[in-house]
Amino acid sequence: MNKKETIDRLVQASPLLAAIGQELSFTKAAERLGVDQSAVSHRIRSLEQALGLTLFDRTTRQLRLTEVGEILCHAATDTLGRWGVALDKLARSHSTNTVHLSLPSSLAMKWLIPALPKAQAKDLDISVTVSEETVDFMVKEADAAIRFGPGPYPGLHCTHLSYCWLWPVASPAYLAGRATDALLLSEPNTTFLADQRGETDKTDFSWHYYCSKIAGVNGVISPDQQFDRADLMLQGAVVGMGVGLGRTLLVEDDIEAGYLSCVARSVRMRSSYWLVCSASFAETARFERLRDWLISEMQITREKIQGT
């Protein structure tokens with residue numbers, strides 16, 4: 001068989017391979033599919049002969065997958081799972097206004113979740129999923145995702161949502177008796193907090209990038225304590241652990257509430273917030289409502305802090 005014929009044969013056998021891979025039994029697979037066990041055995045022998053490969057080890061009392069069998073059964077299970085996701089998304093697109101939105105954990109905690117009541121007031125139903133990576137919209141349940149980075153993202157429909165600024169922040173308790181301006185960044189006893197991912201992922205969310213854009217900062221700031229999430233780093237700043245790096249959408253509410261104060265001027269970042277999705281979802285009314293609300297709400301948040 002050529003490659004196309006082989007793929008066609010495997011697609012036809014996918015329900016059978018998935019059932020055997022999950023049940024590890026021809027008998028249970030036959031019961032699950034509602035066919036005779038003899039039919040299962042016949043189809044597997046026929047498939048093995050066509051492929052010239054052994055999929056199952058039948059020498060023991062318990063059916064065992066060969067390496068080839070494990071690969072093909074896993075692929076069959078994954079294929080059927082994708083159909084399940086596709087049917088769920090199809091039903092959702094015709095029966096609900098809910099948008100399943102994926103975004104990084106820090107942005108969800110510090111900005112989106114506090115803003116969700118405003119979305120609900122506009123009859124926009126957003127279901128939140130947290131993910132730090134770009135979503136495969138063919139596999140995952142998300143309809144769209146917010147991503148922070150230089151963008152755009154190849155192969156996806158990308159909408160620019162907001163530019164970003166970076167600036168140092170600290171709590172009033174930490175600043176008591178200390179310099180409350182850029183001089184604080186040059187004091188030897190200042191404790192600097194950082195997001196570990198931002199320091200290494202080339203999004204500019206780092207002390208190195210900030211220092212490179214600010215005149216008068218002596219040398220390069222080395223973080224004294226790093227956190228694996230930006231919201232945790234900023235919470236450390238709120239409780240007085242040191243000076244953290246603020247970023248657009250992550251600190252405006254804390255500054256407005258008096259939990260944090262800016263201690264130096266802001267710096268424009270090369271990274272931005274982007275709304276990404278499949279080309280097909282970008283053509284829907286749900287996408288348009290989500291996009292318009294996100295852009296509007298992000299602008300309102302930015303305007304809370306002058307100069308950003």
# chains A, B, ... in the order shown; residues from 1 in each chain; ligands from 1

call {"tool": "residues_around", "arguments": {"residues": "segment 131-135 of chain A", "least_positions_apart": "6", "cutoff": "9 Å", "atoms": "only C-alpha atoms", "output": "ChimeraX atom specification"}}
result
/A:102-105,142,144-147,153,276-277

call {"tool": "residues_around", "arguments": {"residues": "Tyr273 of chain A", "least_positions_apart": "2", "cutoff": "12 Å", "atoms": "only C-alpha atoms", "output": "VMD selection string"}}
result
chain A and resid 103 to 104 107 145 to 153 158 to 165 203 247 to 250 269 to 271 275 to 276 291 294 to 295 298 to 299

call {"tool": "write_last_selection", "arguments": {"atoms": "C-alpha atoms", "output": "short mmCIF file (atom, residue, chain, number, x, y, z; two decimals), in the first residue's frame"}}
result
data_model
loop_
_atom_site.label_atom_id
_atom_site.label_comp_id
_atom_site.auth_asym_id
_atom_site.auth_seq_id
_atom_site.Cartn_x
_atom_site.Cartn_y
_atom_site.Cartn_z
CA LEU A 103 -4.73 33.34 28.82
CA PRO A 104 -1.66 33.31 31.09
CA LEU A 107 -3.13 38.12 33.46
CA ALA A 145 -6.42 33.15 23.57
CA ILE A 146 -4.69 36.27 24.88
CA ARG A 147 -0.93 36.10 24.54
CA PHE A 148 1.81 38.45 25.66
CA GLY A 149 4.80 38.71 23.34
CA PRO A 150 6.30 40.42 20.29
CA GLY A 151 3.79 38.74 17.97
CA PRO A 152 2.23 38.16 15.58
CA TYR A 153 1.82 34.39 15.72
CA CYS A 158 -3.91 37.79 15.37
CA THR A 159 -5.45 41.02 16.64
CA HIS A 160 -3.32 43.58 18.46
CA LEU A 161 -5.03 44.48 21.74
CA SER A 162 -2.68 46.76 23.65
CA TYR A 163 0.85 48.06 23.81
CA CYS A 164 2.66 47.47 27.09
CA TRP A 165 4.79 49.51 29.45
CA THR A 203 9.36 39.32 26.06
CA ARG A 247 3.56 45.69 33.60
CA THR A 248 0.51 47.05 31.82
CA LEU A 249 -2.71 45.40 33.07
CA LEU A 250 -0.98 43.70 36.01
CA MET A 269 8.06 47.36 25.66
CA ARG A 270 8.42 45.64 22.31
CA SER A 271 5.94 42.99 23.44
CA LEU A 275 -5.86 38.11 20.74
CA VAL A 276 -5.22 34.94 18.74
CA ARG A 291 -12.33 41.66 20.64
CA LEU A 294 -11.07 43.48 25.40
CA ILE A 295 -9.70 46.49 23.52
CA MET A 298 -7.68 47.38 28.32
CA GLN A 299 -7.75 51.05 27.34
#

call {"tool": "atom_distance", "arguments": {"atom1": "atom CA of Ser261 of chain A", "atom2": "atom CA of Arg302 of chain A"}}
result
15.3 Å

call {"tool": "closest_residue", "arguments": {"among": "A:Arg178, A:His74, A:Arg32, A:Lys118", "to": "Leu17 of chain A", "atoms": "only C-alpha atoms"}}
result
A:His74

call {"tool": "residues_around", "arguments": {"residues": "segment 62-66 of chain A", "least_positions_apart": "2", "cutoff": "12 Å", "atoms": "only C-alpha atoms", "output": "PyMOL selection string"}}
result
chain A and resi 17-18+20-29+48+53-60+68-74

call {"tool": "write_last_selection", "arguments": {"atoms": "N, CA and C atoms", "output": "tab-separated table (two decimals), in the first residue's frame"}}
result
chain	number	residue	atom	x	y	z
A	17	LEU	N	-8.89	0.25	16.89
A	17	LEU	CA	-7.59	0.38	17.53
A	17	LEU	C	-7.68	1.13	18.86
A	18	ALA	N	-8.49	2.17	18.90
A	18	ALA	CA	-8.65	2.93	20.15
A	18	ALA	C	-9.28	2.06	21.23
A	20	ILE	N	-9.26	-1.28	21.51
A	20	ILE	CA	-8.32	-2.31	21.96
A	20	ILE	C	-7.22	-1.69	22.82
A	21	GLY	N	-6.72	-0.53	22.40
A	21	GLY	CA	-5.66	0.13	23.17
A	21	GLY	C	-6.11	0.51	24.56
A	22	GLN	N	-7.37	0.87	24.71
A	22	GLN	CA	-7.88	1.26	26.03
A	22	GLN	C	-8.30	0.05	26.87
A	23	GLU	N	-8.85	-0.97	26.22
A	23	GLU	CA	-9.34	-2.14	26.96
A	23	GLU	C	-8.27	-3.21	27.15
A	24	LEU	N	-7.27	-3.24	26.25
A	24	LEU	CA	-6.24	-4.29	26.25
A	24	LEU	C	-6.88	-5.68	26.22
A	25	SER	N	-7.94	-5.78	25.43
A	25	SER	CA	-8.66	-7.05	25.32
A	25	SER	C	-9.50	-7.02	24.05
A	26	PHE	N	-9.36	-8.07	23.21
A	26	PHE	CA	-10.20	-8.16	22.02
A	26	PHE	C	-11.66	-8.34	22.42
A	27	THR	N	-11.89	-9.15	23.48
A	27	THR	CA	-13.26	-9.43	23.91
A	27	THR	C	-13.96	-8.16	24.38
A	28	LYS	N	-13.29	-7.40	25.25
A	28	LYS	CA	-13.90	-6.18	25.78
A	28	LYS	C	-14.06	-5.12	24.68
A	29	ALA	N	-13.11	-5.08	23.76
A	29	ALA	CA	-13.21	-4.14	22.65
A	29	ALA	C	-14.41	-4.48	21.77
A	48	GLU	N	-2.75	-6.16	10.15
A	48	GLU	CA	-1.34	-6.50	10.35
A	48	GLU	C	-0.72	-7.02	9.05
A	53	LEU	N	3.22	-5.58	9.79
A	53	LEU	CA	3.70	-5.29	11.15
A	53	LEU	C	2.83	-6.02	12.17
A	54	THR	N	3.42	-6.36	13.32
A	54	THR	CA	2.67	-6.97	14.41
A	54	THR	C	2.28	-5.90	15.40
A	55	LEU	N	0.99	-5.78	15.65
A	55	LEU	CA	0.49	-4.72	16.54
A	55	LEU	C	0.30	-5.20	17.98
A	56	PHE	N	0.02	-6.50	18.14
A	56	PHE	CA	-0.29	-7.02	19.47
A	56	PHE	C	0.45	-8.32	19.72
A	57	ASP	N	0.93	-8.47	20.94
A	57	ASP	CA	1.61	-9.70	21.35
A	57	ASP	C	0.57	-10.61	21.98
A	58	ARG	N	0.29	-11.74	21.33
A	58	ARG	CA	-0.75	-12.65	21.80
A	58	ARG	C	-0.16	-13.88	22.49
A	59	THR	N	1.12	-13.87	22.85
A	59	THR	CA	1.76	-15.05	23.42
A	59	THR	C	1.51	-15.17	24.92
A	60	THR	N	1.05	-14.11	25.53
A	60	THR	CA	0.77	-14.14	26.97
A	60	THR	C	-0.72	-14.18	27.20
A	68	VAL	N	4.89	-0.85	17.88
A	68	VAL	CA	4.09	-0.35	16.75
A	68	VAL	C	2.63	-0.21	17.15
A	69	GLY	N	2.11	-1.21	17.85
A	69	GLY	CA	0.72	-1.18	18.28
A	69	GLY	C	0.43	-0.01	19.21
A	70	GLU	N	1.38	0.26	20.10
A	70	GLU	CA	1.19	1.38	21.02
A	70	GLU	C	1.12	2.71	20.27
A	71	ILE	N	1.99	2.87	19.27
A	71	ILE	CA	2.00	4.10	18.47
A	71	ILE	C	0.67	4.28	17.75
A	72	LEU	N	0.19	3.22	17.10
A	72	LEU	CA	-1.03	3.33	16.30
A	72	LEU	C	-2.29	3.46	17.17
A	73	CYS	N	-2.33	2.74	18.30
A	73	CYS	CA	-3.49	2.85	19.19
A	73	CYS	C	-3.57	4.23	19.83
A	74	HIS	N	-2.41	4.77	20.18
A	74	HIS	CA	-2.38	6.13	20.74
A	74	HIS	C	-2.86	7.14	19.70

call {"tool": "residues_around", "arguments": {"residues": "Asp123 of chain A", "least_positions_apart": "5", "cutoff": "12 Å", "atoms": "only C-alpha atoms", "output": "list in words"}}
result
Thr96, Asn97, Thr98, Val99, Leu116, Pro117, Lys118, Arg286, Arg289, Leu290 and Trp293 of chain A

call {"tool": "closest_residue", "arguments": {"among": "A:Asp181, A:Glu141, A:Glu199, A:Glu303", "to": "Cys262 of chain A", "atoms": "only C-alpha atoms"}}
result
A:Asp181

call {"tool": "select_by_dssp", "arguments": {"residues": "segment 169-261 of chain A", "states": "strand (DSSP E)", "output": "ChimeraX atom specification"}}
result
/A:169-170,193-195,225-227,244-247,261

call {"tool": "atom_distance", "arguments": {"atom1": "atom CA of Ser280 of chain A", "atom2": "atom CA of Thr129 of chain A"}}
result
20.2 Å

call {"tool": "select_by_dssp", "arguments": {"residues": "segment 24-257 of chain A", "states": "alpha helix (DSSP H)", "output": "PyMOL selection string"}}
result
chain A and resi 26-33+37-51+67-95+105-107+113-121+172-175+196-200+207-213+230-238+252-256
